[in-house]
Amino acid sequence: MNDTKKVGRPKKFDRDQALLGAISVFWKQGYEGASMKLLTDAMGINSPSLYAEFGDKHALYLEAIDRYANNDACAPLVALESEPDIGLAVRAFFEAAINYSTHHESGARGCFLASCVATSAGHVEGTAEMLRDAIEATDIRITARFDLEKARGTLPSDFPSSDRAKLLFDLRQGLVFRARAGLSDRQLSKDIDKNVAAVMSSIA
């Protein structure tokens with residue numbers, strides 16, 4: 001009888017899950033506060049593996065930003081694009097922004113780009129460019145949502161899609177800022193009707 005024990009295969013490395021773990025650390029701790037110990041613990045790997053797979057901390061940070069910016073990780077944008085009714089979609093955008101600014105499961109507040117990346121853009125090489133690209137991409141996506149409704153006839157043909165896209169984005173940033181200052185979801189929700197009305201106004 002062969003009693004040789006089967007050697008279990010090592011758990012397959014999930015690169016995307018590791019990146020998500022890194023994002024959660026950077027999000028809560030910021031770039032400077034994200035120690036290698038915190039990163040490796042959250043990613044489920046050791047330091048040599050992190051360096052072998054991602055390079056140094058700076059390279060990991062840039063890849064984490066890219067992953068977040070290009071994988072529909074922004075809940076407000078997903079809400080805006082998922083709700084068929086444009087008025088309700090704009091409301092859902094604000095509601096999602098308030099929710100992830102006050103009740104994010106990771107304990108972080110707001111958008112990763114606004115809460116972490118924006119604060120490092122001036123001194124961490126490469127982040128300013130990535131942040132500008134992400135803002136431009138967001139403006140394009142929101143503009144496209146409004147343009148779609150103009151094509152459908154649910155918004156007037158002279159609706160200023162690009163201007164309203166920037167306004168929607170900027171109002172979201174204000175909500176994130178207030179949430180990080182400690183305002184509750186209930187306090188932030190008081191302005192939803194006013195914000196929706198401002199965005200949906202067809203006056204340029």
# chains A, B, ... in the order shown; residues from 1 in each chain; ligands from 1
>>> select_by_dssp(residues="chain A", states="alpha helix (DSSP H)", output="JSON, numbers by chain")
{"A": [15, 16, 17, 18, 19, 20, 21, 22, 23, 24, 25, 26, 27, 28, 29, 30, 31, 32, 33, 36, 37, 38, 39, 40, 41, 42, 43, 47, 48, 49, 50, 51, 52, 53, 54, 57, 58, 59, 60, 61, 62, 63, 64, 65, 66, 67, 68, 69, 75, 76, 77, 78, 79, 80, 81, 82, 86, 87, 88, 89, 90, 91, 92, 93, 94, 95, 96, 97, 98, 99, 100, 101, 102, 112, 118, 119, 120, 127, 128, 129, 130, 131, 132, 133, 134, 135, 136, 137, 138, 139, 140, 141, 142, 143, 144, 145, 146, 147, 148, 149, 150, 151, 152, 161, 162, 163, 164, 165, 166, 167, 168, 169, 170, 171, 172, 173, 174, 175, 176, 177, 178, 179, 180, 185, 186, 187, 188, 189, 192, 193, 194, 195, 196, 197, 198, 199, 200]}
>>> residues_around(residues="A:Ser47", least_positions_apart="5", cutoff="12 Å", atoms="only C-alpha atoms", output="list in words")
Ser35, Met36, Lys37, Leu38, Leu39, Thr40, Asp41, Ala42, Ala52, Glu53, Phe54, Gly55, Asp56 and Lys57 of chain A
>>> write_last_selection(atoms="N, CA and C atoms", output="PDB file, in the first residue's frame")
ATOM      1  N   SER A  35       2.626  51.179   5.144  1.00  0.00           N
ATOM      2  CA  SER A  35       3.894  50.474   5.363  1.00  0.00           C
ATOM      3  C   SER A  35       3.904  49.161   4.589  1.00  0.00           C
ATOM      4  N   MET A  36       5.080  48.616   4.366  1.00  0.00           N
ATOM      5  CA  MET A  36       5.187  47.331   3.677  1.00  0.00           C
ATOM      6  C   MET A  36       4.488  46.235   4.471  1.00  0.00           C
ATOM      7  N   LYS A  37       4.541  46.327   5.788  1.00  0.00           N
ATOM      8  CA  LYS A  37       3.869  45.319   6.629  1.00  0.00           C
ATOM      9  C   LYS A  37       2.362  45.359   6.408  1.00  0.00           C
ATOM     10  N   LEU A  38       1.790  46.557   6.416  1.00  0.00           N
ATOM     11  CA  LEU A  38       0.355  46.687   6.185  1.00  0.00           C
ATOM     12  C   LEU A  38      -0.013  46.189   4.790  1.00  0.00           C
ATOM     13  N   LEU A  39       0.808  46.534   3.811  1.00  0.00           N
ATOM     14  CA  LEU A  39       0.523  46.135   2.436  1.00  0.00           C
ATOM     15  C   LEU A  39       0.608  44.627   2.260  1.00  0.00           C
ATOM     16  N   THR A  40       1.672  44.026   2.735  1.00  0.00           N
ATOM     17  CA  THR A  40       1.819  42.579   2.551  1.00  0.00           C
ATOM     18  C   THR A  40       0.749  41.803   3.317  1.00  0.00           C
ATOM     19  N   ASP A  41       0.382  42.277   4.497  1.00  0.00           N
ATOM     20  CA  ASP A  41      -0.678  41.611   5.260  1.00  0.00           C
ATOM     21  C   ASP A  41      -1.999  41.659   4.497  1.00  0.00           C
ATOM     22  N   ALA A  42      -2.326  42.838   3.956  1.00  0.00           N
ATOM     23  CA  ALA A  42      -3.593  43.004   3.236  1.00  0.00           C
ATOM     24  C   ALA A  42      -3.599  42.241   1.914  1.00  0.00           C
ATOM     25  N   ALA A  52       8.771  41.047  -6.310  1.00  0.00           N
ATOM     26  CA  ALA A  52       8.898  40.251  -7.529  1.00  0.00           C
ATOM     27  C   ALA A  52       7.713  40.456  -8.465  1.00  0.00           C
ATOM     28  N   GLU A  53       6.525  40.614  -7.895  1.00  0.00           N
ATOM     29  CA  GLU A  53       5.312  40.701  -8.695  1.00  0.00           C
ATOM     30  C   GLU A  53       4.984  42.128  -9.112  1.00  0.00           C
ATOM     31  N   PHE A  54       5.217  43.086  -8.233  1.00  0.00           N
ATOM     32  CA  PHE A  54       4.778  44.458  -8.487  1.00  0.00           C
ATOM     33  C   PHE A  54       5.909  45.474  -8.559  1.00  0.00           C
ATOM     34  N   GLY A  55       7.107  45.095  -8.195  1.00  0.00           N
ATOM     35  CA  GLY A  55       8.183  46.072  -8.108  1.00  0.00           C
ATOM     36  C   GLY A  55       8.181  46.706  -6.728  1.00  0.00           C
ATOM     37  N   ASP A  56       8.553  47.951  -6.631  1.00  0.00           N
ATOM     38  CA  ASP A  56       8.592  48.602  -5.327  1.00  0.00           C
ATOM     39  C   ASP A  56       7.225  49.201  -4.964  1.00  0.00           C
ATOM     40  N   LYS A  57       7.172  49.862  -3.826  1.00  0.00           N
ATOM     41  CA  LYS A  57       5.920  50.442  -3.328  1.00  0.00           C
ATOM     42  C   LYS A  57       5.363  51.468  -4.309  1.00  0.00           C
TER      43      LYS A  57
END
>>> closest_atom_pairs(of="stretch 33-106 of chain A", to="stretch 114-131 of chain A", cutoff="12 Å", atoms="only C-alpha atoms", output="CSV")
residue,atom,partner,partner_atom,distance
A:Gly33,CA,A:Cys116,CA,10.8
A:Ala34,CA,A:Cys116,CA,11.1
A:Lys57,CA,A:Val124,CA,11.0
A:His58,CA,A:Val124,CA,7.9
A:Ala59,CA,A:Gly126,CA,9.6
A:Leu60,CA,A:Thr127,CA,11.9
A:Tyr61,CA,A:Thr127,CA,8.8
A:Leu62,CA,A:Thr127,CA,6.9
A:Glu63,CA,A:Met130,CA,10.3
A:Ala64,CA,A:Val117,CA,10.2
A:Ile65,CA,A:Val117,CA,7.6
A:Asp66,CA,A:Met130,CA,7.6
A:Arg67,CA,A:Met130,CA,11.2
A:Tyr68,CA,A:Val117,CA,10.8
A:Ala69,CA,A:Met130,CA,8.8
A:Asn70,CA,A:Met130,CA,11.0
A:Cys74,CA,A:Ala114,CA,11.0
A:Ala97,CA,A:Ala114,CA,11.5
A:Tyr100,CA,A:Ser115,CA,11.4
A:Ser101,CA,A:Ser115,CA,9.5
>>> write_last_selection(atoms="N, CA, C and O atoms", output="PDB file, in the first residue's frame")
ATOM      1  N   GLY A  33       1.646  56.592   4.651  1.00  0.00           N
ATOM      2  CA  GLY A  33       1.282  55.773   5.811  1.00  0.00           C
ATOM      3  C   GLY A  33       1.144  54.295   5.518  1.00  0.00           C
ATOM      4  O   GLY A  33       1.012  53.485   6.451  1.00  0.00           O
ATOM      5  N   ALA A  34       1.188  53.924   4.252  1.00  0.00           N
ATOM      6  CA  ALA A  34       1.043  52.514   3.880  1.00  0.00           C
ATOM      7  C   ALA A  34       2.395  51.814   4.010  1.00  0.00           C
ATOM      8  O   ALA A  34       3.232  51.849   3.102  1.00  0.00           O
ATOM      9  N   LYS A  57       7.172  49.862  -3.826  1.00  0.00           N
ATOM     10  CA  LYS A  57       5.920  50.442  -3.328  1.00  0.00           C
ATOM     11  C   LYS A  57       5.363  51.468  -4.309  1.00  0.00           C
ATOM     12  O   LYS A  57       4.138  51.537  -4.520  1.00  0.00           O
ATOM     13  N   HIS A  58       6.223  52.252  -4.911  1.00  0.00           N
ATOM     14  CA  HIS A  58       5.776  53.278  -5.854  1.00  0.00           C
ATOM     15  C   HIS A  58       5.103  52.647  -7.070  1.00  0.00           C
ATOM     16  O   HIS A  58       4.028  53.090  -7.505  1.00  0.00           O
ATOM     17  N   ALA A  59       5.710  51.605  -7.610  1.00  0.00           N
ATOM     18  CA  ALA A  59       5.130  50.918  -8.767  1.00  0.00           C
ATOM     19  C   ALA A  59       3.799  50.278  -8.401  1.00  0.00           C
ATOM     20  O   ALA A  59       2.846  50.281  -9.192  1.00  0.00           O
ATOM     21  N   LEU A  60       3.730  49.719  -7.196  1.00  0.00           N
ATOM     22  CA  LEU A  60       2.482  49.116  -6.723  1.00  0.00           C
ATOM     23  C   LEU A  60       1.389  50.170  -6.610  1.00  0.00           C
ATOM     24  O   LEU A  60       0.240  49.935  -7.005  1.00  0.00           O
ATOM     25  N   TYR A  61       1.742  51.334  -6.106  1.00  0.00           N
ATOM     26  CA  TYR A  61       0.781  52.419  -5.950  1.00  0.00           C
ATOM     27  C   TYR A  61       0.206  52.846  -7.300  1.00  0.00           C
ATOM     28  O   TYR A  61      -1.013  52.999  -7.461  1.00  0.00           O
ATOM     29  N   LEU A  62       1.085  53.001  -8.285  1.00  0.00           N
ATOM     30  CA  LEU A  62       0.621  53.404  -9.615  1.00  0.00           C
ATOM     31  C   LEU A  62      -0.280  52.336 -10.226  1.00  0.00           C
ATOM     32  O   LEU A  62      -1.291  52.661 -10.870  1.00  0.00           O
ATOM     33  N   GLU A  63       0.064  51.074 -10.015  1.00  0.00           N
ATOM     34  CA  GLU A  63      -0.776  50.013 -10.561  1.00  0.00           C
ATOM     35  C   GLU A  63      -2.121  49.959  -9.834  1.00  0.00           C
ATOM     36  O   GLU A  63      -3.153  49.677 -10.444  1.00  0.00           O
ATOM     37  N   ALA A  64      -2.112  50.236  -8.536  1.00  0.00           N
ATOM     38  CA  ALA A  64      -3.353  50.263  -7.767  1.00  0.00           C
ATOM     39  C   ALA A  64      -4.272  51.373  -8.281  1.00  0.00           C
ATOM     40  O   ALA A  64      -5.486  51.182  -8.414  1.00  0.00           O
ATOM     41  N   ILE A  65      -3.701  52.530  -8.584  1.00  0.00           N
ATOM     42  CA  ILE A  65      -4.479  53.645  -9.133  1.00  0.00           C
ATOM     43  C   ILE A  65      -5.088  53.244 -10.471  1.00  0.00           C
ATOM     44  O   ILE A  65      -6.277  53.472 -10.733  1.00  0.00           O
ATOM     45  N   ASP A  66      -4.274  52.629 -11.319  1.00  0.00           N
ATOM     46  CA  ASP A  66      -4.749  52.213 -12.634  1.00  0.00           C
ATOM     47  C   ASP A  66      -5.870  51.194 -12.517  1.00  0.00           C
ATOM     48  O   ASP A  66      -6.869  51.261 -13.241  1.00  0.00           O
ATOM     49  N   ARG A  67      -5.722  50.267 -11.593  1.00  0.00           N
ATOM     50  CA  ARG A  67      -6.739  49.240 -11.402  1.00  0.00           C
ATOM     51  C   ARG A  67      -8.054  49.864 -10.961  1.00  0.00           C
ATOM     52  O   ARG A  67      -9.130  49.525 -11.455  1.00  0.00           O
ATOM     53  N   TYR A  68      -7.978  50.783 -10.022  1.00  0.00           N
ATOM     54  CA  TYR A  68      -9.188  51.432  -9.516  1.00  0.00           C
ATOM     55  C   TYR A  68      -9.862  52.266 -10.594  1.00  0.00           C
ATOM     56  O   TYR A  68     -11.086  52.233 -10.763  1.00  0.00           O
ATOM     57  N   ALA A  69      -9.063  53.012 -11.337  1.00  0.00           N
ATOM     58  CA  ALA A  69      -9.606  53.950 -12.315  1.00  0.00           C
ATOM     59  C   ALA A  69     -10.208  53.260 -13.535  1.00  0.00           C
ATOM     60  O   ALA A  69     -11.054  53.840 -14.216  1.00  0.00           O
ATOM     61  N   ASN A  70      -9.802  52.029 -13.803  1.00  0.00           N
ATOM     62  CA  ASN A  70     -10.213  51.383 -15.055  1.00  0.00           C
ATOM     63  C   ASN A  70     -11.066  50.140 -14.883  1.00  0.00           C
ATOM     64  O   ASN A  70     -11.236  49.371 -15.833  1.00  0.00           O
ATOM     65  N   CYS A  74     -15.860  52.947  -9.313  1.00  0.00           N
ATOM     66  CA  CYS A  74     -16.514  54.143  -8.794  1.00  0.00           C
ATOM     67  C   CYS A  74     -18.018  53.924  -8.711  1.00  0.00           C
ATOM     68  O   CYS A  74     -18.726  53.934  -9.729  1.00  0.00           O
ATOM     69  N   ALA A  97     -22.478  58.418  -3.733  1.00  0.00           N
ATOM     70  CA  ALA A  97     -21.340  59.200  -3.250  1.00  0.00           C
ATOM     71  C   ALA A  97     -21.412  59.388  -1.739  1.00  0.00           C
ATOM     72  O   ALA A  97     -20.400  59.281  -1.034  1.00  0.00           O
ATOM     73  N   TYR A 100     -20.693  55.833   0.005  1.00  0.00           N
ATOM     74  CA  TYR A 100     -19.311  55.364   0.099  1.00  0.00           C
ATOM     75  C   TYR A 100     -18.410  56.357   0.829  1.00  0.00           C
ATOM     76  O   TYR A 100     -17.286  56.041   1.178  1.00  0.00           O
ATOM     77  N   SER A 101     -18.931  57.559   1.062  1.00  0.00           N
ATOM     78  CA  SER A 101     -18.166  58.532   1.845  1.00  0.00           C
ATOM     79  C   SER A 101     -18.386  58.366   3.345  1.00  0.00           C
ATOM     80  O   SER A 101     -17.594  58.863   4.149  1.00  0.00           O
TER      81      SER A 101
END
>>> closest_residue(among="A:Ile98, A:Ile135, A:Ser49, A:Asp193", to="A:Arg178", atoms="only C-alpha atoms")
A:Ile98
>>> atom_distance(atom1="atom CA of A:Arg145", atom2="atom CA of A:Asp185")
25.9 Å
